[in-house]
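I have placed the structure first, in the form of structure tokens, so that the comments after it can refer back to it.
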Protein chains: 2
Amino acid sequence: MADDTKNTDQSVDFGILNNLVGYRLRRAQLNFFSKFSEVCSDLGISPGLFAIIAIVERNPGLTQTAVAQALGNDRSAMVAAVDKLEKMDILERRPAVNDRRSYALFMTKYGKKFFQTLSGRVMDHEKNMASRLESEQELEWLLKTLDILSQ
Amino acid sequence: MADDTKNTDQSVDFGILNNLVGYRLRRAQLNFFSKFSEVCSDLGISPGLFAIIAIVERNPGLTQTAVAQALGNDRSAMVAAVDKLEKMDILERRPAVNDRRSYALFMTKYGKKFFQTLSGRVMDHEKNMASRLESEQELEWLLKTLDILSQ
DNA sequence: TTGATATTGGTGTAATGCTAAACTGTTTAG
DNA sequence: CTAAACAGTTTAGCATTACACCAATATCAA
């Protein structure tokens, strides 16, 4: 086997791929990403930007670097992201009180309201996906398992 | 709340993010990706290239477009990938027997041996990650759940 | 047969995300 | 005071993705 001359393409054998957690993770994540875009693209928010907003909303006053470390991003990638969010009037940079090198990030008044709309949509999307699972326990188990695989 | 002046960054509150399947999927997938790179970077194989090889190995004779469709890639992305794999003497393009537009993809003799080495490393990596789970059943359940979330 | 249409491999391009290096200004340690 | 470390920024390179486009070929209806 593995030396035929033709394949009618009716059904493709994924072989080893089907049993790889890494491959299935990628497929699932791509699906979440595209669904997220459908839900939030008109708001101009990508998953990466949403994560930044969510962190700042819960942790006002963090520096750019602190947010980057929390999310596992590179510091330099924060610049364009925060620039964009500042132009959208969602976040604002304020000079850090005791360190003139750094900025502290805060939500604007509009940003706080915007986050309510945004997180509402994201939660709807999450609940929609989670409804495919069989129980609340299964969801908890999935979250825990994904966390274990993230380290 | 949400209006402090300073954050000591001792511990960041991830808020809603911690309960989002989408976010945890992304973290887990990034971790798998980086571990995969550690294991296979010296062979010059990325996860995307590995998927192509795995498909061709199990389905010799598929056209480029068929492989792209199976993996959910864009056709145009296949060109550079197959070019690279042909230069590495892993795959080869042969003219399709009944369609002069298309090429059929086959493993080379060296490619078959290369795939054994490659898939061995990938399986080691997979087993290492899967060992964090509590049972074989849990792995099966995870694969099934990720598949459900991919559609 | 002819002619319209679809498909395949391929090219070019733009947008994105991720990394790494280097630079300025600032803080900290010795 | 000096040297090292750090924050933000810019720039570059790289891979991935998406889209429009082309030439050659295939398909199908008239």
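Order determines the names: the first chain of the structure tokens is A, the second B, and so forth; residues in each chain are numbered 1 upward, and ligands are numbered 1 upward as they are shown.
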So that each row is one residue of chain A with an atom at most 10 Å from chain D, can you give its shortest atom pair and the distance in Å to one decimal, using only C-alpha atoms (C1' of nucleotides), rows by chain and rising number, as a tab-separated table?
```
residue	atom	partner	partner_atom	distance
A:Thr63	CA	D:DA7	C1'	8.8
A:Gln64	CA	D:DG8	C1'	8.4
A:Thr65	CA	D:DA7	C1'	7.4
A:Arg75	CA	D:DG8	C1'	8.3
A:Ser76	CA	D:DT9	C1'	7.3
A:Met78	CA	D:DG8	C1'	9.4
A:Val79	CA	D:DT9	C1'	7.4
A:Ala80	CA	D:DT9	C1'	9.9
A:Asp99	CA	D:DA7	C1'	9.1
A:Arg100	CA	D:DA7	C1'	8.8
A:Arg101	CA	D:DA7	C1'	5.1
A:Ser102	CA	D:DA7	C1'	5.3
A:Tyr103	CA	D:DA7	C1'	8.4
```
Okay, now the selection with N, CA, C and O atoms, as an mmCIF file, in the first residue's frame?
```cif
data_model
loop_
_atom_site.group_PDB
_atom_site.id
_atom_site.type_symbol
_atom_site.label_atom_id
_atom_site.label_comp_id
_atom_site.auth_asym_id
_atom_site.auth_seq_id
_atom_site.Cartn_x
_atom_site.Cartn_y
_atom_site.Cartn_z
ATOM 1 N N THR A 63 0.844 48.249 33.127
ATOM 2 C CA THR A 63 1.670 48.778 32.036
ATOM 3 C C THR A 63 1.504 47.896 30.802
ATOM 4 O O THR A 63 1.010 46.769 30.890
ATOM 5 N N GLN A 64 1.947 48.412 29.672
ATOM 6 C CA GLN A 64 1.871 47.631 28.437
ATOM 7 C C GLN A 64 2.624 46.322 28.576
ATOM 8 O O GLN A 64 2.153 45.267 28.151
ATOM 9 N N THR A 65 3.807 46.407 29.163
ATOM 10 C CA THR A 65 4.616 45.199 29.300
ATOM 11 C C THR A 65 3.939 44.172 30.189
ATOM 12 O O THR A 65 3.976 42.966 29.909
ATOM 13 N N ARG A 75 6.356 42.383 23.801
ATOM 14 C CA ARG A 75 6.141 43.798 24.137
ATOM 15 C C ARG A 75 5.890 44.628 22.890
ATOM 16 O O ARG A 75 4.976 45.472 22.848
ATOM 17 N N SER A 76 6.712 44.386 21.866
ATOM 18 C CA SER A 76 6.627 45.246 20.683
ATOM 19 C C SER A 76 5.288 45.127 19.977
ATOM 20 O O SER A 76 4.853 46.072 19.320
ATOM 21 N N MET A 78 2.532 45.072 21.386
ATOM 22 C CA MET A 78 1.526 45.844 22.111
ATOM 23 C C MET A 78 1.353 47.244 21.540
ATOM 24 O O MET A 78 0.292 47.854 21.658
ATOM 25 N N VAL A 79 2.405 47.758 20.947
ATOM 26 C CA VAL A 79 2.384 49.163 20.530
ATOM 27 C C VAL A 79 1.260 49.433 19.541
ATOM 28 O O VAL A 79 0.394 50.282 19.772
ATOM 29 N N ALA A 80 1.261 48.683 18.458
ATOM 30 C CA ALA A 80 0.228 48.892 17.435
ATOM 31 C C ALA A 80 -1.154 48.591 17.993
ATOM 32 O O ALA A 80 -2.122 49.295 17.677
ATOM 33 N N ASP A 99 7.162 56.167 37.312
ATOM 34 C CA ASP A 99 8.135 55.629 36.358
ATOM 35 C C ASP A 99 7.882 56.279 35.010
ATOM 36 O O ASP A 99 6.929 55.934 34.315
ATOM 37 N N ARG A 100 8.739 57.231 34.675
ATOM 38 C CA ARG A 100 8.474 57.987 33.443
ATOM 39 C C ARG A 100 8.741 57.189 32.182
ATOM 40 O O ARG A 100 8.537 57.681 31.070
ATOM 41 N N ARG A 101 9.212 55.959 32.346
ATOM 42 C CA ARG A 101 9.394 55.129 31.147
ATOM 43 C C ARG A 101 8.080 54.521 30.676
ATOM 44 O O ARG A 101 7.888 54.255 29.500
ATOM 45 N N SER A 102 7.203 54.291 31.599
ATOM 46 C CA SER A 102 6.060 53.429 31.272
ATOM 47 C C SER A 102 4.731 54.173 31.304
ATOM 48 O O SER A 102 4.580 55.207 31.951
ATOM 49 N N TYR A 103 3.793 53.601 30.579
ATOM 50 C CA TYR A 103 2.413 54.075 30.581
ATOM 51 C C TYR A 103 1.549 53.095 31.359
ATOM 52 O O TYR A 103 1.775 51.890 31.336
#
```
- request: Considering only C-alpha atoms (C1' of nucleotides), return as a PyMOL selection string whatever protein or nucleic-acid residues lie within 9 Å of segment 49-56 of chain B, sequence-local ones (same chain, fewer than 2 positions apart) excluded.
  value: (chain A and resi 2+12-17+23) or (chain B and resi 45-47+58-62+67-68+70-71+78+81-82+85+90-91+105-107+111+115+118-119)
message: Based on the backbone DSSP call, show me all residues of segment 11-101 of chain A assigned helix (DSSP H, G or I), as a PyMOL selection string.
response: chain A and resi 15-19+21-43+47-58+64-71+75-87
query: So which one's closest to chain B, C:DA22, C:DT7, C:DG30, C:DT1? Using only C-alpha atoms (C1' of nucleotides), please.
result: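 Counting only C-alpha atoms (C1' of nucleotides), the residue closest to chain B is C:DT7.
If you take only C-alpha atoms (C1' of nucleotides) and a cut-off of 12 Å, the residues of chain C that reach chain B are DT7, DT8, DG9, DG10, DT11, DG12 and DC18 of chain C.
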- request: Apply DSSP to the backbone of this structure and, from chain B, keep only the residues in strand (DSSP E); write these as number ranges by chain.
  value: B: 91-95, 103-107
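The space separating atom CA of Arg121 of chain B from atom CA of Glu134 of chain B comes to 22.2 Å.
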- request: Find, counting only C-alpha atoms, the residue in B:Ser34, B:Gln29, B:Gln116, B:Asn73 that gets nearest to chain A.
  value: B:Gln29
task: One decimal, Å: what's the distance from atom CA of Ala104 of chain B over to atom CA of Ala66 of chain B, could you say?
output: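 Answer for the atom CA of Ala104 of chain B to atom CA of Ala66 of chain B separation: 9.6 Å.
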field: Pick from A:Val97, A:Ser135, A:Thr108, A:Ala77, whichever lies nearest to DG17 of chain C using only C-alpha atoms (C1' of nucleotides)
entry: A:Ala77
message: Just to confirm, what's the straight-line distance from atom CA of Met88 of chain A to atom CA of Asn18 of chain B in Å (one decimal)?
response: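 Result for atom CA of Met88 of chain A versus atom CA of Asn18 of chain B: 25.0 Å, one decimal.
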